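Take a look at the structure below.
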There are 2 protein chains.
Amino acid sequence: LIQNFSFQPELMNDILDGQTRDVKRKVRQLLKDPVFSHEIIRDKEIQREKIMRQLKFLATQGLGSILYPTKYGGDDDPLKYAAVFEMIALYDLSLVVKFGVQFGLFGGSVHRLGTEAHHEKYLADIGNLDLTGCFAMTETDHGSNVKGLETTAVYLHDLRSIEVHSPTPGSAKEYIGNAIHAKLAVVFAQLYVSGINQGVHAVIVPVRDREGNLLPGVFIEDNGYKMGLNGVDNGIIRFDHVRVPRRNLLNQYGDINDEGAYVSPIENPSKRFFTMLGSLVAGRICVGLGAVAVSRKALTIAIRYALSRRQFSAGKDKPETLLMDYPTHQRRLLLRLSKTYAYGFGLKECANRYAKAIKEGSDLRYIETLAAGLKAAASWHATDTAQECREACGGKGYLSENALPDLKADSDIFTTFEGDNTVLLQLVAKSLLSDFRQEFHDEGYRAVMKFLAERLATTMMELNPVVTRRTDLDHLIDPDFQLHAFRYRYRRLLYTVGQRMQKYLRKRINPYDAFLRCQNHMVELAKAFTDYWVLKRFVGQVVKCDQPEVKQALKNMCDLYALSTIEEHKGWYLEQDYMQGSKTKAIRRVVNKLCQDIKVDARAYVDAFDIPEELLNAEILQSD
Amino acid sequence: LIQNFSFQPELMNDILDGQTRDVKRKVRQLLKDPVFSHEIIRDKEIQREKIMRQLKFLATQGLGSILYPTKYGGDDDPLKYAAVFEMIALYDLSLVVKFGVQFGLFGGSVHRLGTEAHHEKYLADIGNLDLTGCFAMTETDHGSNVKGLETTAVYLHDLRSIEVHSPTPGSAKEYIGNAIHAKLAVVFAQLYVSGINQGVHAVIVPVRDREGNLLPGVFIEDNGYKMGLNGVDNGIIRFDHVRVPRRNLLNQYGDINDEGAYVSPIENPSKRFFTMLGSLVAGRICVGLGAVAVSRKALTIAIRYALSRRQFSAGKDKPETLLMDYPTHQRRLLLRLSKTYAYGFGLKECANRYAKAIKEGSDLRYIETLAAGLKAAASWHATDTAQECREACGGKGYLSENALPDLKADSDIFTTFEGDNTVLLQLVAKSLLSDFRQEFHDEGYRAVMKFLAERLATTMMELNPVVTRRTDLDHLIDPDFQLHAFRYRYRRLLYTVGQRMQKYLRKRINPYDAFLRCQNHMVELAKAFTDYWVLKRFVGQVVKCDQPEVKQALKNMCDLYALSTIEEHKGWYLEQDYMQGSKTKAIRRVVNKLCQDIKVDARAYVDAFDIPEELLNAEILQSD
């Protein structure tokens with residue numbers, strides 16, 4: 001097979017894999033081990049056993065403790081953890097979720113919310129999987145609203161014990177991963193000390209003995225079959241007045257002293273709550289990376305199929321047309337490919353910033369906002385992409401032998417877990433609005449004037465008919481134009497939501513109801529912010545690439561991402577008079593032209609993801 | 001539970017169920033029989049046995065032969081068949097697909113493509129399921145392009161036999177439903193008589209003996225596990241020079257006479273081919289109805305959940321907010337509810353017209369165009385709706401106990417089978433273009449002038465700034481405005497595709513390549529036509545409703561469908577200067593307001609679908 005592409009996939013892969021390239025290559029090799037061979041397993045018990053065996057294998061390779069301090073056998077390296085997570089996601093999503101629950105959520109909360117004594121006691125065993133545990137936060141009645149959790153943890157000073165209890169059926173912990181295999185649970189509950197509710201805290205509660213029997217007062221049942229991820233043992237956990245020693249409180253941000261009084265380094269309860277949750281932001285970044293892995297795998301299958309499958313011809317003796325040569329097919333697959341590139345760069349940068357912030361102990365708030373926006377964008381994109389790739393492969397895409405059915409079913413919950421996407425986008429918008437308010441508050445009237453002046457300048461430029469009607473290619477592929485359009489959408493939505501909020505608040509509508517009324521508007525704002533942030537990263541990747549062929553390939557893909565995103569929102573841009581119809585039509589033509597150009601290199605673009613054939617596991621690719 | 005709605009769901013159900021109301025109610029009752037109890041079955045063999053048992057039950061109730069002439073135990077009633085199909089789809093999609101394969105595709109092709117002798121010999125046994133069979137059209141290498149099928153059927157006059165053969169691996173019949181249970185196959189193959197290829201014809205080929213052993217020269221293998229529909233036995237069938245008697249040719253549209261010559265009542269081979277395929281249009285209508293059933297069921301679950309689930313509150317002592325009160329949730333569910341109503345009315349009318357045309361023996365071409373457009377629209381809508389409903393139910397939506405996982409997995413292939421949606425929309429567009437050309441051809445220059453004059457009038461009216469800027473409610477909910485906007489999109493796209501095609505043809509680009517270049521444009525045209533046709537039906541339903549409360553409820557839903565569809569395409573309308581930004585913004589506000597109004601009656605709108613609790617089979621509805 002002679003492949004004559006405009007760039008070398010290997011060089012593109014260097015950029016995609018980034019600084020964790022070496023780890024990723026090692027894990028790709030590791031995943032070719034026979035323990036990871038594929039078979040269709042329908043029975044959840046058998047599937048769970050297999051996943052547990054594979055998890056053990058990963059732990060024996062030292063991949064379980066990456067996040068933890070070196071003195072407990074770890075690497076203290078969140079970036080390496082994210083790289084390993086991303087690679088496992090290319091293989092099997094049940095395994096990566098189980099991996100994330102055990103080493104990330106469970107181990108990570110012991111690490112981040114606990115202190116030295118907890119680390120000493122648990123981390124080594126967690127990392128080598130001698131101690132399995134679960135992260136018991138979500139309850140049947142409260143998932144998104146974590147502040148509203150009903151499980152109680154009441155401190156009994158005379159016994160120096162904490163009593164954990166599920167007061168109502170709806171307060172049972174649900175969908176808890178590892179529930180059937182866990183010995184320990186990190187339970188999130190309302191902590192009461194001397195009768196006062198100190199808010200949600202995490203307590204370590206043993207749930208099974210060494211032999212695996214449930215401990216007294218603990219009730220666990222299986223969540224049963226799910227749409228996918230049946231290799232993960234999700235269950236429901238209920239506590240009936242279970243007592244644990246005071247030291248089981250994970251006491252990094254809130255503690256009970258020897259006198260039985262509650263003490264915390266963070267005075268403000270709301271700030272304390274968000275600091276606790278914020279330490280778990282790594283999980284969202286990983287889900288985002290996993291979602292990008294799903295999109296990459298689905299597109300690799302569908303694009304390679306489209307490059308070998310033919311259907312219909314111009315006449316009896318003419319060859320049939322390759323699916324990839326159909327304009328509809330190009331739009332279906334290549335626009336999604338450009339988003340997959342874009343979100344990959346966005347999440348890579350987000351992971352880098354997170355690792356840096358953790359190392360430096362700096363504020364995580366902005367990274368939380370990014371992670372929430374990116375997790376939502378990447379997971380919705382994965383759901384959409386896996387669906388489109390299934391359809392693009394026709395009947396073949398519906399057969400289990402071609403990987404897409406599992407990919408779709410397993411990844412479907414990514415839009416819900418680690419934060420429902422719609423709820424996350426509201427957090428993003430609220431955070432942006434509070435920054436906006438901050439600007440005004442810190443600098444007072446001068447800031448308002450500055451902002452309005454900036455806005456005015458922007459608006460005037462946009463209403464300049466020369467710009468709103470400019471349709472030449474040079475202008476449309478100019479990153480300054482693209483970034484300006486993305487930024488304008490973000491800033492304009494921020495400004496208008498801000499205005500609406502102020503109007504409601506002036507009318508004495510309470511902030512909760514005011515937010516509720518602006519909900520659709522806020523979701524749009526959060527999406528616009530995330531799109532803008534992602535485009536900046538993509539443009540940055542193009543700028544810093546010093547290999548000319550790869551640089552051009554990245555530039556084309558970046559243009560496709562930028563212009564197809566503008567096209568998606570053309571209704572908004574036209575409504576705002578930011579563009580004239582002649583311009584949006586010109587953008588459509590450039591998008592179609594970019595599809596034509598990129599399709600020639602389509603195979604190289606997916607080969608650059610470097611997904612081993614063993615991991616793709618699709619029969620239809622055997623002959624492509 | 002006191003339900004205080006603006007209308008009675010029962011009265012709305014009368015309209016939705018339409019003239020086949022009585023049959024539908026009977027089948028709803030029938031499906032409560034214990035034979036249809038629900039259980040989660042993971043093993044495909046066990047699931048297939050169960051589905052086969054249920055199919056037999058339906059046959060013993062006389063539901064297998066509805067389509068066939070009365071003298072073979074049937075009702076000769078395609079409308080009744082469609083009604084039964086729709087109801088079974090509410091219960092289980094494996095069962096309805098198996099039902100459709102056996103009685104619709106297999107039995108239907110014997111009925112429509114065969115003649116008296118075939119009916120006499122087979123139809124009664126097919127209807128009571130004593131004779132199982134399959135419809136062997138699709139091949140591994142050719143699904144959409146049926147004309148390109150490679151299986152051969154060579155007539156050997158000395159033996160008065162037809163030899164059926166699969167010449168290449170890619171010519172094996174694939175995804176064939178009933179492949180594992182079938183005794184007979186209706187095989188579509190290139191018919192050669194005296195060495196001349198007469199195009200694709202259907203031949204009855206026995207594949208198994210009474211004991212179920214494969215006959216010589218027939219090779220069948222299981223397609224294995226699929227994303228869903230694992231209760232249906234799809235398989236791959238290959239023929240190695242299998243001979244059957246001449247009389248096994250289904251000879252309604254093409255026959256071999258006693259002298260061994262090919263004869264046909266339809267001279268033009270292309271017309272003959274499309275006439276044969278056209279007789280199968282009923283299948284597409286049924287898939288559309290099945291897709292509407294999926295949307296109705298998914299929305300019933302998600303809307304009822306949204307009316308009982310609460311999350312987040314304005315403060316500690318305030319009740320949490322109902323999901324249905326979130327503006328984002330209203331848009332997610334109610335816009336899709338309006339489309340579900342719309343497509344339901346569209347398909348009901350399409351089925352009525354089909355039944356009438358079959359009875360009168362009139363031309364089916366326009367109905368084929370409608371059925372193709374509606375099947376594509378309804379099946380994409382079902383995929384999208386099932387997905388959104390899953391997400392709207394959060395973690396609960398991911399559990400098998402809540403029906404949505406199966407609904408999603410089973411219905412996913414609806415966008416592909418009975419014609420890939422993208423391919424179908426191209427057929428729709430081609431048919432519209434040929435009507436358009438027809439107009440010109442029949443009436444010559446006068447027709448062109450008439451068309452252009454009409455267009456000019458339309459355009460001038462639209463460019464009237466009073467109309468493009470009118471934002472008052474009376475105008476926006478005026479069906480004349482809505483229909484005009486939908487029609488304008490359809491006619492304008494038709495005109496511009498026509499212009500492009502003419503330009504390419506003048507440049508001597510061959511029609512195949514010209515169509516290819518216009519592909520995205522044609523798909524948009526087909527969608528616009530279907531949307532317009534559907535809105536006309538919906539508006540008609542409102543007009544003819546004589547019960548004032550129900551009429552108002554229908555009117556609100558119709559407005560939501562019309563205005564949210566315009567909103568979806570606002571980019572296009574703004575690009576065309578059909579509307580100004582002030583108008584599209586006003587439309588957004590009316591859509592939000594309609595959501596607020598409709599949510600109060602949301603429960604009544606889904607209760608009007610009248611899906612028995614037994615069929616919904618969702619644990620989360622136990623306590624709502």
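As shown in the structure tokens, the chain order sets the letters A, B, ...; within each chain, residues go from 1, and ligands are also counted from 1 in the order they appear.
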
(request) Please determine the contact residues of chain A with respect to chain B at a cut-off of 6 Å, counting only C-alpha atoms, and supply them as an NGL selection string. (result) :A and (42 or 145 or 225-227 or 312 or 314 or 328 or 394 or 398-400 or 405 or 416 or 512 or 520 or 570-571 or 575 or 581)

Backbone DSSP call of helix (DSSP H, G or I) for range 143-355 of chain B, listed as a tab-separated table (two decimals) with C-alpha atoms, in the first residue's frame:
chain	number	residue	atom	x	y	z
B	146	VAL	CA	-29.81	-2.38	-5.43
B	147	LYS	CA	-29.31	-2.13	-9.18
B	148	GLY	CA	-25.71	-3.21	-8.58
B	157	HIS	CA	-34.39	-23.42	-20.66
B	158	ASP	CA	-33.54	-27.10	-21.23
B	159	LEU	CA	-34.07	-27.74	-17.51
B	169	PRO	CA	-17.74	-13.11	-1.47
B	170	GLY	CA	-19.18	-9.58	-1.55
B	171	SER	CA	-22.32	-10.84	-3.30
B	246	ARG	CA	-38.97	-21.63	-13.46
B	247	ARG	CA	-42.28	-21.08	-11.66
B	248	ASN	CA	-40.32	-19.84	-8.61
B	269	PRO	CA	-36.19	-1.79	-17.73
B	270	SER	CA	-35.56	1.16	-15.42
B	271	LYS	CA	-39.28	1.76	-14.93
B	272	ARG	CA	-39.74	-1.99	-14.29
B	273	PHE	CA	-37.01	-1.95	-11.66
B	274	PHE	CA	-38.52	1.01	-9.81
B	275	THR	CA	-42.02	-0.47	-10.06
B	276	MET	CA	-40.77	-3.65	-8.36
B	277	LEU	CA	-39.04	-1.69	-5.62
B	278	GLY	CA	-41.96	0.69	-5.33
B	281	VAL	CA	-42.88	1.26	-0.11
B	282	ALA	CA	-45.16	0.00	2.68
B	283	GLY	CA	-42.07	-1.13	4.57
B	284	ARG	CA	-40.72	2.41	4.67
B	285	ILE	CA	-43.99	3.79	5.94
B	286	CYS	CA	-43.99	1.17	8.69
B	287	VAL	CA	-40.41	1.98	9.70
B	288	GLY	CA	-41.46	5.63	9.93
B	289	LEU	CA	-44.43	4.71	12.12
B	290	GLY	CA	-42.16	2.53	14.25
B	291	ALA	CA	-39.77	5.45	14.64
B	292	VAL	CA	-42.63	7.69	15.80
B	293	ALA	CA	-43.59	4.98	18.32
B	294	VAL	CA	-40.00	5.05	19.64
B	295	SER	CA	-40.10	8.83	20.06
B	296	ARG	CA	-43.48	8.66	21.79
B	297	LYS	CA	-42.31	6.01	24.23
B	298	ALA	CA	-39.00	7.75	25.01
B	299	LEU	CA	-40.72	11.10	25.54
B	300	THR	CA	-43.42	9.57	27.74
B	301	ILE	CA	-40.70	8.21	30.02
B	302	ALA	CA	-38.55	11.34	30.06
B	303	ILE	CA	-41.42	13.81	30.44
B	304	ARG	CA	-43.08	11.87	33.24
B	305	TYR	CA	-39.71	11.64	34.99
B	306	ALA	CA	-39.19	15.39	34.51
B	323	LEU	CA	-36.79	19.31	36.03
B	324	MET	CA	-39.71	20.29	33.80
B	325	ASP	CA	-39.46	23.86	35.11
B	327	PRO	CA	-35.99	26.21	30.44
B	328	THR	CA	-33.23	24.01	29.00
B	329	HIS	CA	-35.20	20.89	29.88
B	330	GLN	CA	-38.33	22.30	28.23
B	331	ARG	CA	-36.45	22.94	25.02
B	332	ARG	CA	-34.85	19.51	25.10
B	333	LEU	CA	-38.12	17.64	25.52
B	334	LEU	CA	-40.97	19.78	24.23
B	335	LEU	CA	-39.48	20.75	20.88
B	336	ARG	CA	-38.97	17.05	20.24
B	337	LEU	CA	-42.52	16.37	21.41
B	338	SER	CA	-43.82	18.80	18.79
B	339	LYS	CA	-41.86	17.04	16.05
B	340	THR	CA	-43.17	13.71	17.30
B	341	TYR	CA	-46.73	14.98	16.94
B	342	ALA	CA	-45.92	16.38	13.51
B	343	TYR	CA	-44.31	13.25	12.07
B	344	GLY	CA	-47.09	11.13	13.54
B	345	PHE	CA	-49.66	13.12	11.56
B	346	GLY	CA	-47.48	13.05	8.46
B	347	LEU	CA	-47.06	9.29	8.53
B	348	LYS	CA	-50.71	8.66	9.33
B	349	GLU	CA	-51.70	10.60	6.22
B	350	CYS	CA	-49.01	8.89	4.14
B	351	ALA	CA	-50.31	5.47	5.22
B	352	ASN	CA	-53.86	6.51	4.35
B	353	ARG	CA	-52.82	7.65	0.89
B	354	TYR	CA	-50.84	4.47	0.34
B	355	ALA	CA	-53.80	2.27	1.29

(message) Need the shell around Glu549 in chain B: protein/DNA/RNA residues with any atom at most 12 Å away, counting only C-alpha atoms. Skip same-chain ones fewer than 5 positions apart. Format as a list in words?
(response)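 Residues near the query, excluding close chain neighbours: Phe5, Ser6, Phe7, Gln8, Pro9, Leu11, Met12, Val542, Leu554, Lys555, Asn556 and Asp601 of chain B.
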
Kindly export the residues of the current selection with C-alpha atoms, as a PDB file, in the first residue's frame.
ATOM      1  CA  PHE B   5     -55.232  19.815  32.139  1.00  0.00           C
ATOM      2  CA  SER B   6     -56.560  22.120  29.489  1.00  0.00           C
ATOM      3  CA  PHE B   7     -57.739  19.135  27.443  1.00  0.00           C
ATOM      4  CA  GLN B   8     -58.675  15.491  27.862  1.00  0.00           C
ATOM      5  CA  PRO B   9     -55.912  13.113  26.719  1.00  0.00           C
ATOM      6  CA  LEU B  11     -59.951  13.066  23.037  1.00  0.00           C
ATOM      7  CA  MET B  12     -56.484  13.834  21.744  1.00  0.00           C
ATOM      8  CA  VAL B 542     -55.852  21.706  13.658  1.00  0.00           C
ATOM      9  CA  LEU B 554     -53.083  21.019  18.806  1.00  0.00           C
ATOM     10  CA  LYS B 555     -52.655  24.599  17.663  1.00  0.00           C
ATOM     11  CA  ASN B 556     -50.055  25.278  20.373  1.00  0.00           C
ATOM     12  CA  ASP B 601     -50.126  20.121  29.864  1.00  0.00           C
TER      13      ASP B 601
END

(message) Please report the interatomic distance between CA of Leu433 in chain A and CA of Leu494 in chain A in Å with one decimal.
(response) 7.0 Å

(request) Write out as a list in words which residues come within 12 Å of Glu116 in chain A when counting only C-alpha atoms, dropping same-chain ones fewer than 3 positions away. (result) Tyr68, Pro69, Lys71, Tyr72, Val110, His111, Arg112, Leu113, His119, Glu120, Lys121, Tyr122, Leu123, Arg247, Leu250, Asn251 and Gln252 of chain A

Taking N, CA and C atoms for each residue, export the selection above as an mmCIF file, in the first residue's frame.
data_model
loop_
_atom_site.group_PDB
_atom_site.id
_atom_site.type_symbol
_atom_site.label_atom_id
_atom_site.label_comp_id
_atom_site.auth_asym_id
_atom_site.auth_seq_id
_atom_site.Cartn_x
_atom_site.Cartn_y
_atom_site.Cartn_z
ATOM 1 N N TYR A 68 -0.078 9.058 43.095
ATOM 2 C CA TYR A 68 0.233 9.206 44.513
ATOM 3 C C TYR A 68 1.699 9.556 44.739
ATOM 4 N N PRO A 69 2.012 10.019 45.975
ATOM 5 C CA PRO A 69 3.395 10.393 46.281
ATOM 6 C C PRO A 69 4.368 9.231 46.065
ATOM 7 N N LYS A 71 6.694 8.153 47.850
ATOM 8 C CA LYS A 71 6.970 7.263 48.993
ATOM 9 C C LYS A 71 5.930 6.148 49.147
ATOM 10 N N TYR A 72 4.806 6.279 48.440
ATOM 11 C CA TYR A 72 3.834 5.161 48.443
ATOM 12 C C TYR A 72 3.857 4.437 47.102
ATOM 13 N N VAL A 110 -8.837 9.870 48.742
ATOM 14 C CA VAL A 110 -8.025 9.582 49.933
ATOM 15 C C VAL A 110 -6.774 10.478 49.899
ATOM 16 N N HIS A 111 -6.186 10.612 48.706
ATOM 17 C CA HIS A 111 -4.977 11.405 48.522
ATOM 18 C C HIS A 111 -5.231 12.897 48.731
ATOM 19 N N ARG A 112 -6.253 13.434 48.041
ATOM 20 C CA ARG A 112 -6.461 14.891 48.045
ATOM 21 C C ARG A 112 -7.262 15.399 49.241
ATOM 22 N N LEU A 113 -8.202 14.565 49.721
ATOM 23 C CA LEU A 113 -9.036 15.030 50.841
ATOM 24 C C LEU A 113 -8.507 14.535 52.182
ATOM 25 N N HIS A 119 -2.848 8.596 53.979
ATOM 26 C CA HIS A 119 -1.938 8.214 52.889
ATOM 27 C C HIS A 119 -1.106 7.007 53.309
ATOM 28 N N GLU A 120 -0.537 7.136 54.480
ATOM 29 C CA GLU A 120 0.302 6.085 55.055
ATOM 30 C C GLU A 120 -0.455 4.754 55.095
ATOM 31 N N LYS A 121 -1.662 4.833 55.591
ATOM 32 C CA LYS A 121 -2.440 3.615 55.828
ATOM 33 C C LYS A 121 -2.951 2.977 54.525
ATOM 34 N N TYR A 122 -3.362 3.806 53.559
ATOM 35 C CA TYR A 122 -4.107 3.242 52.417
ATOM 36 C C TYR A 122 -3.437 3.299 51.045
ATOM 37 N N LEU A 123 -2.698 4.375 50.760
ATOM 38 C CA LEU A 123 -2.363 4.625 49.347
ATOM 39 C C LEU A 123 -1.599 3.501 48.648
ATOM 40 N N ARG A 247 -10.922 9.212 63.221
ATOM 41 C CA ARG A 247 -9.801 9.400 62.287
ATOM 42 C C ARG A 247 -10.178 9.029 60.846
ATOM 43 N N LEU A 250 -11.860 12.236 56.306
ATOM 44 C CA LEU A 250 -10.781 12.749 55.443
ATOM 45 C C LEU A 250 -10.671 14.236 55.743
ATOM 46 N N ASN A 251 -9.614 14.607 56.450
ATOM 47 C CA ASN A 251 -9.614 15.866 57.197
ATOM 48 C C ASN A 251 -8.712 16.966 56.633
ATOM 49 N N GLN A 252 -8.466 16.933 55.344
ATOM 50 C CA GLN A 252 -7.633 17.978 54.747
ATOM 51 C C GLN A 252 -8.266 19.368 54.885
#

(request) Give me, please, the distance in Å between CA of Leu307 in chain B and CA of Ile176 in chain A, quoted to one decimal. (result) 25.3 Å

(request) Counting only C-alpha atoms, figure out which residue out of A:Ile46, A:Leu129, A:Ala117, A:Val207 gets nearest to Ala59 in chain A. (result)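 Ranked by minimum distance to Ala59 in chain A, first place goes to A:Leu129.
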
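For Ile611 in chain A, the residues within 8 Å (counting only C-alpha atoms, excluding itself and residues fewer than 5 positions away along the chain) are A:Arg28, A:Leu90, A:Lys297, A:Leu616.
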
For the selection you just gave me, I'd like the residues written to a file as a PDB file, in the first residue's frame, keeping N, CA and C atoms.
ATOM      1  N   ARG A  28       0.451   1.838  24.790  1.00  0.00           N
ATOM      2  CA  ARG A  28      -0.072   1.227  23.554  1.00  0.00           C
ATOM      3  C   ARG A  28       0.509  -0.169  23.371  1.00  0.00           C
ATOM      4  N   LEU A  90      -8.768   4.002  24.692  1.00  0.00           N
ATOM      5  CA  LEU A  90      -8.754   3.531  23.306  1.00  0.00           C
ATOM      6  C   LEU A  90      -9.035   2.036  23.232  1.00  0.00           C
ATOM      7  N   LYS A 297     -11.296   7.002  17.863  1.00  0.00           N
ATOM      8  CA  LYS A 297     -11.447   5.593  17.475  1.00  0.00           C
ATOM      9  C   LYS A 297     -12.593   5.433  16.486  1.00  0.00           C
ATOM     10  N   LEU A 616      -8.337  -1.206  17.752  1.00  0.00           N
ATOM     11  CA  LEU A 616      -9.487  -0.835  16.912  1.00  0.00           C
ATOM     12  C   LEU A 616     -10.493  -1.972  16.871  1.00  0.00           C
TER      13      LEU A 616
END

(message) DSSP on the backbone: which residues in range 105-304 of chain A end up as strand (DSSP E or B)? Give the answer as a PyMOL selection string.
(response) chain A and resi 133-136+139+152-156+161-165+173-176+184-193+196-206+208+214+218-222+226+235-239+242-245+249+255-256+262-263

(message) What does the structure give for the distance between CA of Asp233 in chain B and CA of Ala618 in chain A, in Å to one decimal?
(response) 21.2 Å

(message) When you look at Ile477 in chain A with a cut-off of 9 Å (counting only C-alpha atoms), what residues show up, excluding the ones that are within fewer than 2 positions of it in the same chain? I need them as JSON, numbers by chain.
(response) {"A": [472, 473, 474, 475, 479, 480, 481, 482, 555, 556, 559, 562, 563, 590]}

Go ahead and write the residues just picked, N, CA, C and O atoms, as an mmCIF file, in the first residue's frame.
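Okay, out_31.cif is ready:
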data_model
loop_
_atom_site.group_PDB
_atom_site.id
_atom_site.type_symbol
_atom_site.label_atom_id
_atom_site.label_comp_id
_atom_site.auth_asym_id
_atom_site.auth_seq_id
_atom_site.Cartn_x
_atom_site.Cartn_y
_atom_site.Cartn_z
ATOM 1 N N ASP A 472 -13.309 37.217 0.848
ATOM 2 C CA ASP A 472 -12.123 36.629 0.208
ATOM 3 C C ASP A 472 -11.482 35.587 1.119
ATOM 4 O O ASP A 472 -11.536 35.683 2.346
ATOM 5 N N LEU A 473 -10.861 34.603 0.495
ATOM 6 C CA LEU A 473 -10.281 33.483 1.226
ATOM 7 C C LEU A 473 -9.249 33.944 2.252
ATOM 8 O O LEU A 473 -9.230 33.464 3.384
ATOM 9 N N ASP A 474 -8.384 34.886 1.855
ATOM 10 C CA ASP A 474 -7.349 35.363 2.775
ATOM 11 C C ASP A 474 -7.949 35.829 4.100
ATOM 12 O O ASP A 474 -7.413 35.545 5.172
ATOM 13 N N HIS A 475 -9.039 36.553 3.993
ATOM 14 C CA HIS A 475 -9.698 37.050 5.197
ATOM 15 C C HIS A 475 -10.301 35.896 6.006
ATOM 16 O O HIS A 475 -10.118 35.826 7.227
ATOM 17 N N PRO A 479 -6.388 33.822 11.016
ATOM 18 C CA PRO A 479 -6.726 33.487 12.412
ATOM 19 C C PRO A 479 -7.239 34.695 13.191
ATOM 20 O O PRO A 479 -8.030 34.527 14.117
ATOM 21 N N ASP A 480 -6.817 35.895 12.817
ATOM 22 C CA ASP A 480 -7.318 37.071 13.526
ATOM 23 C C ASP A 480 -8.827 37.228 13.330
ATOM 24 O O ASP A 480 -9.552 37.534 14.275
ATOM 25 N N PHE A 481 -9.295 37.005 12.098
ATOM 26 C CA PHE A 481 -10.739 37.061 11.861
ATOM 27 C C PHE A 481 -11.447 35.963 12.660
ATOM 28 O O PHE A 481 -12.459 36.207 13.325
ATOM 29 N N GLN A 482 -10.914 34.746 12.563
ATOM 30 C CA GLN A 482 -11.576 33.612 13.222
ATOM 31 C C GLN A 482 -11.650 33.822 14.733
ATOM 32 O O GLN A 482 -12.704 33.649 15.356
ATOM 33 N N LYS A 555 -3.051 23.668 9.915
ATOM 34 C CA LYS A 555 -3.737 24.918 9.550
ATOM 35 C C LYS A 555 -5.064 24.611 8.844
ATOM 36 O O LYS A 555 -6.105 25.199 9.151
ATOM 37 N N ASN A 556 -5.040 23.661 7.906
ATOM 38 C CA ASN A 556 -6.273 23.297 7.203
ATOM 39 C C ASN A 556 -7.334 22.791 8.189
ATOM 40 O O ASN A 556 -8.512 23.132 8.098
ATOM 41 N N ASP A 559 -8.665 25.622 10.258
ATOM 42 C CA ASP A 559 -9.623 26.416 9.469
ATOM 43 C C ASP A 559 -10.971 25.708 9.385
ATOM 44 O O ASP A 559 -12.023 26.345 9.485
ATOM 45 N N ALA A 562 -12.650 26.110 12.736
ATOM 46 C CA ALA A 562 -13.088 27.485 12.977
ATOM 47 C C ALA A 562 -14.282 27.843 12.090
ATOM 48 O O ALA A 562 -15.312 28.330 12.567
ATOM 49 N N LEU A 563 -14.148 27.568 10.796
ATOM 50 C CA LEU A 563 -15.199 28.021 9.879
ATOM 51 C C LEU A 563 -16.472 27.187 9.996
ATOM 52 O O LEU A 563 -17.580 27.710 9.856
ATOM 53 N N VAL A 590 -16.066 27.745 1.505
ATOM 54 C CA VAL A 590 -14.708 27.426 1.971
ATOM 55 C C VAL A 590 -14.717 26.122 2.776
ATOM 56 O O VAL A 590 -13.807 25.302 2.640
#
